[in-house]
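Enquirer: Dropping a structure here in structure tokens format, bear with me for questions.
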Amino acid sequence: MIIIITGLPGSGKTTLSRQISARYRLPVIAKDLVKESLLDAIAPGDPLQSPFTGTLSEASFSVLFKIALELSQAGVGMVIEGNFKPGAHEAAIRQIADPEPGMRIIQLLCRIDEPTRLRRLRDRQASGSRHPGHRELEPSCLADRRSDGFLDLPGERLTHLSDNDTAPLLRELDSLIRGARR
């Protein structure tokens with residue numbers, strides 16, 4: 001089983017992926033974890049000065065997909081989390097699901113109202129809790145809304161409004177997962 005958690009930056013993907021990982025004992029592969037590790041290795045002093053920060057986002061997806069493929073080939077279910085873009089990432093995810101016949105895909109799209117999302121982005125940048133290499137508050141990043149939609153993949157699709165309690169979503173996910181774990 002692959003649980004895909006997607007949505008815009010600041011929509012609650014990481015928080016939700018951690019809850020789901022703990023609940024179902026599934027490993028999480030998060031794009032930002034890969035990207036932040038690469039930024040630390042390539043531009044340890046000032047990651048915003050690195051000429052590679054934009055390229056590292058796509059490189060991070062490539063690493064995420066390779067790790068996920070290895071897990072899939074070993075028959076391990078997983079949670080993959082990132083701001084996946086419809087039209088750009090489906091082929092890689094289909095390849096991940098392919099080695100394990102019948103590998104189930106469940107997509108969770110995190111959404112939140114725009115003022116709350118912007119407040120979250122500003123708050124985490126100001127608090128220092130967010131890696132300094134992220135450029136989510138730059139106008140070009142704020143304007144990029146491609147990850148605010150489901151991928152064109154088979155399987156169930158659930159939307160989570162991240163300012164709401166996760167209990168109803170988790171109950172719905174429980175009913176979908178029952179008997180389908182790999």
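Each chain in the structure tokens gets a letter, A, B and so on, in the order shown; residues start at 1 in every chain, and ligands are counted from 1 in the order they appear.
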Can you tell me, as a ChimeraX atom specification, what residues are no more than 12 Å from Glu172 of chain A when counting only C-alpha atoms, ignoring any on the same chain fewer than 2 positions away?
Expert: /A:106,108,156-160,166-170,174-178
Enquirer: Just to be explicit: take each residue in the selection above, keep N, CA and C atoms, and write the result as a CSV table (one decimal), in the first residue's frame.
Expert:
chain,number,residue,atom,x,y,z
A,106,ILE,N,-3.6,5.1,-2.1
A,106,ILE,CA,-4.5,6.0,-1.5
A,106,ILE,C,-3.9,7.4,-1.4
A,108,LEU,N,-4.1,11.4,-0.2
A,108,LEU,CA,-4.7,12.3,0.7
A,108,LEU,C,-4.2,13.7,0.3
A,156,GLU,N,-8.2,5.3,-4.1
A,156,GLU,CA,-9.0,6.2,-3.4
A,156,GLU,C,-8.4,7.6,-3.2
A,157,ARG,N,-9.3,8.5,-3.1
A,157,ARG,CA,-8.8,9.9,-2.9
A,157,ARG,C,-9.6,10.5,-1.8
A,158,LEU,N,-8.9,11.1,-0.8
A,158,LEU,CA,-9.5,11.7,0.3
A,158,LEU,C,-8.9,13.1,0.5
A,159,THR,N,-9.8,14.1,0.8
A,159,THR,CA,-9.3,15.4,1.1
A,159,THR,C,-9.4,15.7,2.6
A,160,HIS,N,-8.3,16.3,3.1
A,160,HIS,CA,-8.2,16.6,4.5
A,160,HIS,C,-8.1,18.2,4.6
A,166,THR,N,-8.3,15.5,12.8
A,166,THR,CA,-7.9,14.4,11.9
A,166,THR,C,-8.7,13.1,12.2
A,167,ALA,N,-9.4,13.0,13.3
A,167,ALA,CA,-10.1,11.8,13.7
A,167,ALA,C,-11.1,11.3,12.6
A,168,PRO,N,-11.9,12.1,12.0
A,168,PRO,CA,-12.8,11.6,10.9
A,168,PRO,C,-12.0,11.0,9.7
A,169,LEU,N,-11.0,11.7,9.3
A,169,LEU,CA,-10.2,11.3,8.2
A,169,LEU,C,-9.5,9.9,8.6
A,170,LEU,N,-9.0,9.8,9.8
A,170,LEU,CA,-8.3,8.5,10.2
A,170,LEU,C,-9.3,7.4,10.2
A,174,ASP,N,-9.0,4.1,8.1
A,174,ASP,CA,-9.1,2.8,8.7
A,174,ASP,C,-10.0,1.9,7.9
A,175,SER,N,-11.1,2.4,7.5
A,175,SER,CA,-12.1,1.5,6.8
A,175,SER,C,-11.5,1.1,5.4
A,176,LEU,N,-10.7,2.0,4.8
A,176,LEU,CA,-10.1,1.7,3.5
A,176,LEU,C,-9.0,0.7,3.6
A,177,ILE,N,-8.3,0.8,4.7
A,177,ILE,CA,-7.1,0.0,4.8
A,177,ILE,C,-7.4,-1.4,5.3
A,178,ARG,N,-8.4,-1.6,6.1
A,178,ARG,CA,-8.7,-2.9,6.6
A,178,ARG,C,-8.6,-4.0,5.6
Enquirer: Using DSSP on the backbone coordinates, identify all residues within segment 21-170 of chain A classified as helix (DSSP H, G or I); present the result as a ChimeraX atom specification.
Expert: /A:21-24,31-42,47-49,53-73,90-97,114-127,139-143,167-170
Enquirer: Let me make sure I understand: among A:Ala92, A:Leu8, A:Ala41, A:Ala59, which one has the smallest atom-to-atom distance to Asp148 of chain A if we use only C-alpha atoms?
Expert: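 Of A:Ala92, A:Leu8, A:Ala41, A:Ala59, the one nearest Asp148 of chain A is A:Leu8, counting only C-alpha atoms.
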Enquirer: Go through A:Met103, A:Leu118, A:Val79, A:Ala91 one by one, measure the shortest atom-to-atom distance of each to Glu138 of chain A using only C-alpha atoms, and give the residue with the smallest value.
Expert: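 For Glu138 of chain A, the nearest of the given residues is A:Leu118.
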Enquirer: Which residues of segment 66-175 of chain A come within 10 Å of segment 32-37 of chain A, and what is each one's closest atom pair and distance in Å (one decimal), counting only C-alpha atoms, sorted by chain and residue number, as JSON lines?
Expert:
{"residue": "A:Glu81", "atom": "CA", "partner": "A:Asp32", "partner_atom": "CA", "distance": 8.4}
{"residue": "A:Gly82", "atom": "CA", "partner": "A:Asp32", "partner_atom": "CA", "distance": 7.0}
{"residue": "A:Asn83", "atom": "CA", "partner": "A:Asp32", "partner_atom": "CA", "distance": 9.2}
{"residue": "A:Arg130", "atom": "CA", "partner": "A:Glu36", "partner_atom": "CA", "distance": 9.7}
{"residue": "A:His131", "atom": "CA", "partner": "A:Glu36", "partner_atom": "CA", "distance": 6.7}
{"residue": "A:Pro132", "atom": "CA", "partner": "A:Glu36", "partner_atom": "CA", "distance": 8.8}
{"residue": "A:Gly133", "atom": "CA", "partner": "A:Glu36", "partner_atom": "CA", "distance": 7.1}
{"residue": "A:His134", "atom": "CA", "partner": "A:Glu36", "partner_atom": "CA", "distance": 8.4}
Enquirer: Those selected residues, please, written with C-alpha atoms and delivered as an mmCIF file, in the first residue's frame.
Expert:
data_model
loop_
_atom_site.group_PDB
_atom_site.id
_atom_site.type_symbol
_atom_site.label_atom_id
_atom_site.label_comp_id
_atom_site.auth_asym_id
_atom_site.auth_seq_id
_atom_site.Cartn_x
_atom_site.Cartn_y
_atom_site.Cartn_z
ATOM 1 C CA GLU A 81 4.795 12.932 1.381
ATOM 2 C CA GLY A 82 5.503 16.003 -0.698
ATOM 3 C CA ASN A 83 3.996 18.664 -2.869
ATOM 4 C CA ARG A 130 11.683 25.453 9.092
ATOM 5 C CA HIS A 131 14.932 24.728 7.274
ATOM 6 C CA PRO A 132 16.297 28.022 5.891
ATOM 7 C CA GLY A 133 16.661 26.558 2.401
ATOM 8 C CA HIS A 134 12.918 26.641 1.725
#
Enquirer: Need the shell around Ile29 of chain A: protein/DNA/RNA residues with any atom at most 8 Å away, counting only C-alpha atoms. Skip same-chain ones fewer than 2 positions apart. Format as a ChimeraX atom specification?
Expert: /A:27,31,33,64,67-68,78-81
Enquirer: Using only N, CA and C atoms, please write the residues we just selected to a file, as a compact mmCIF listing (two decimals), in the first residue's frame.
Expert:
# COMPACT_ATOMS: atom_id res chain seq x y z
N PRO A 27 6.61 3.27 7.09
CA PRO A 27 7.67 4.27 6.97
C PRO A 27 7.19 5.46 6.12
N LYS A 31 9.66 14.34 0.96
CA LYS A 31 10.50 15.10 0.05
C LYS A 31 11.34 16.14 0.78
N LEU A 33 12.52 16.17 3.79
CA LEU A 33 13.62 15.56 4.53
C LEU A 33 14.81 15.31 3.60
N LEU A 64 13.43 10.41 -3.48
CA LEU A 64 12.24 9.85 -2.82
C LEU A 64 11.69 8.67 -3.61
N ILE A 67 13.98 5.52 -3.39
CA ILE A 67 13.85 4.85 -2.09
C ILE A 67 12.51 4.11 -2.02
N ALA A 68 11.45 4.78 -2.47
CA ALA A 68 10.12 4.16 -2.45
C ALA A 68 10.09 2.91 -3.34
N MET A 78 4.10 2.02 2.43
CA MET A 78 4.76 3.26 2.83
C MET A 78 3.84 4.46 2.71
N VAL A 79 4.29 5.53 3.31
CA VAL A 79 3.68 6.85 3.14
C VAL A 79 4.72 7.68 2.40
N ILE A 80 4.31 8.31 1.29
CA ILE A 80 5.20 9.26 0.63
C ILE A 80 4.54 10.62 0.74
N GLU A 81 5.34 11.61 1.10
CA GLU A 81 4.80 12.93 1.38
C GLU A 81 5.59 14.00 0.67
Enquirer: Could you give me the residues within chain A that DSSP places in strand (DSSP E or B), as a ChimeraX atom specification?
Expert: /A:2-7,28-30,78-81,105-111,156-161
Enquirer: Could you dump the residues just selected with N, CA and C atoms as an mmCIF file, in the first residue's frame?
Expert:
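Wrote result03.cif, looks like this:
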data_model
loop_
_atom_site.group_PDB
_atom_site.id
_atom_site.type_symbol
_atom_site.label_atom_id
_atom_site.label_comp_id
_atom_site.auth_asym_id
_atom_site.auth_seq_id
_atom_site.Cartn_x
_atom_site.Cartn_y
_atom_site.Cartn_z
ATOM 1 N N ILE A 2 0.526 2.193 -0.827
ATOM 2 C CA ILE A 2 1.201 3.481 -0.853
ATOM 3 C C ILE A 2 0.170 4.534 -0.483
ATOM 4 N N ILE A 3 0.454 5.256 0.579
ATOM 5 C CA ILE A 3 -0.380 6.396 0.943
ATOM 6 C C ILE A 3 0.383 7.636 0.511
ATOM 7 N N ILE A 4 -0.215 8.388 -0.392
ATOM 8 C CA ILE A 4 0.394 9.606 -0.917
ATOM 9 C C ILE A 4 -0.242 10.788 -0.205
ATOM 10 N N ILE A 5 0.590 11.604 0.413
ATOM 11 C CA ILE A 5 0.089 12.808 1.068
ATOM 12 C C ILE A 5 0.655 14.000 0.300
ATOM 13 N N THR A 6 -0.239 14.788 -0.258
ATOM 14 C CA THR A 6 0.161 15.901 -1.102
ATOM 15 C C THR A 6 -0.606 17.155 -0.726
ATOM 16 N N GLY A 7 -0.190 18.253 -1.289
ATOM 17 C CA GLY A 7 -0.833 19.537 -1.041
ATOM 18 C C GLY A 7 0.195 20.651 -1.094
ATOM 19 N N VAL A 28 7.708 6.628 6.452
ATOM 20 C CA VAL A 28 7.418 7.848 5.686
ATOM 21 C C VAL A 28 8.668 8.235 4.917
ATOM 22 N N ILE A 29 8.482 8.535 3.654
ATOM 23 C CA ILE A 29 9.549 9.137 2.858
ATOM 24 C C ILE A 29 9.032 10.523 2.489
ATOM 25 N N ALA A 30 9.669 11.539 3.044
ATOM 26 C CA ALA A 30 9.212 12.911 2.852
ATOM 27 C C ALA A 30 10.192 13.673 1.973
ATOM 28 N N MET A 78 4.099 2.021 2.430
ATOM 29 C CA MET A 78 4.762 3.264 2.828
ATOM 30 C C MET A 78 3.836 4.455 2.706
ATOM 31 N N VAL A 79 4.287 5.533 3.313
ATOM 32 C CA VAL A 79 3.683 6.845 3.137
ATOM 33 C C VAL A 79 4.722 7.678 2.399
ATOM 34 N N ILE A 80 4.312 8.306 1.288
ATOM 35 C CA ILE A 80 5.201 9.261 0.633
ATOM 36 C C ILE A 80 4.535 10.624 0.737
ATOM 37 N N GLU A 81 5.344 11.606 1.096
ATOM 38 C CA GLU A 81 4.795 12.932 1.381
ATOM 39 C C GLU A 81 5.588 14.001 0.670
ATOM 40 N N ILE A 105 -3.064 2.204 -3.873
ATOM 41 C CA ILE A 105 -2.688 3.610 -3.768
ATOM 42 C C ILE A 105 -3.855 4.366 -3.141
ATOM 43 N N ILE A 106 -3.557 5.120 -2.094
ATOM 44 C CA ILE A 106 -4.533 6.003 -1.473
ATOM 45 C C ILE A 106 -3.918 7.403 -1.449
ATOM 46 N N GLN A 107 -4.632 8.366 -2.011
ATOM 47 C CA GLN A 107 -4.148 9.741 -2.015
ATOM 48 C C GLN A 107 -4.889 10.571 -0.974
ATOM 49 N N LEU A 108 -4.129 11.365 -0.243
ATOM 50 C CA LEU A 108 -4.695 12.307 0.714
ATOM 51 C C LEU A 108 -4.225 13.704 0.309
ATOM 52 N N LEU A 109 -5.158 14.546 -0.024
ATOM 53 C CA LEU A 109 -4.850 15.919 -0.419
ATOM 54 C C LEU A 109 -5.138 16.834 0.767
ATOM 55 N N CYS A 110 -4.097 17.493 1.251
ATOM 56 C CA CYS A 110 -4.248 18.426 2.372
ATOM 57 C C CYS A 110 -4.567 19.809 1.823
ATOM 58 N N ARG A 111 -5.560 20.411 2.418
ATOM 59 C CA ARG A 111 -5.964 21.761 2.024
ATOM 60 C C ARG A 111 -6.217 22.595 3.262
ATOM 61 N N GLU A 156 -8.155 5.280 -4.101
ATOM 62 C CA GLU A 156 -9.037 6.180 -3.376
ATOM 63 C C GLU A 156 -8.400 7.554 -3.212
ATOM 64 N N ARG A 157 -9.276 8.541 -3.102
ATOM 65 C CA ARG A 157 -8.849 9.929 -2.916
ATOM 66 C C ARG A 157 -9.636 10.535 -1.761
ATOM 67 N N LEU A 158 -8.897 11.073 -0.805
ATOM 68 C CA LEU A 158 -9.525 11.731 0.336
ATOM 69 C C LEU A 158 -8.945 13.136 0.470
ATOM 70 N N THR A 159 -9.793 14.074 0.822
ATOM 71 C CA THR A 159 -9.344 15.441 1.069
ATOM 72 C C THR A 159 -9.381 15.702 2.565
ATOM 73 N N HIS A 160 -8.313 16.300 3.064
ATOM 74 C CA HIS A 160 -8.240 16.643 4.487
ATOM 75 C C HIS A 160 -8.114 18.156 4.617
ATOM 76 N N LEU A 161 -9.059 18.767 5.294
ATOM 77 C CA LEU A 161 -8.961 20.187 5.618
ATOM 78 C C LEU A 161 -8.152 20.279 6.900
#
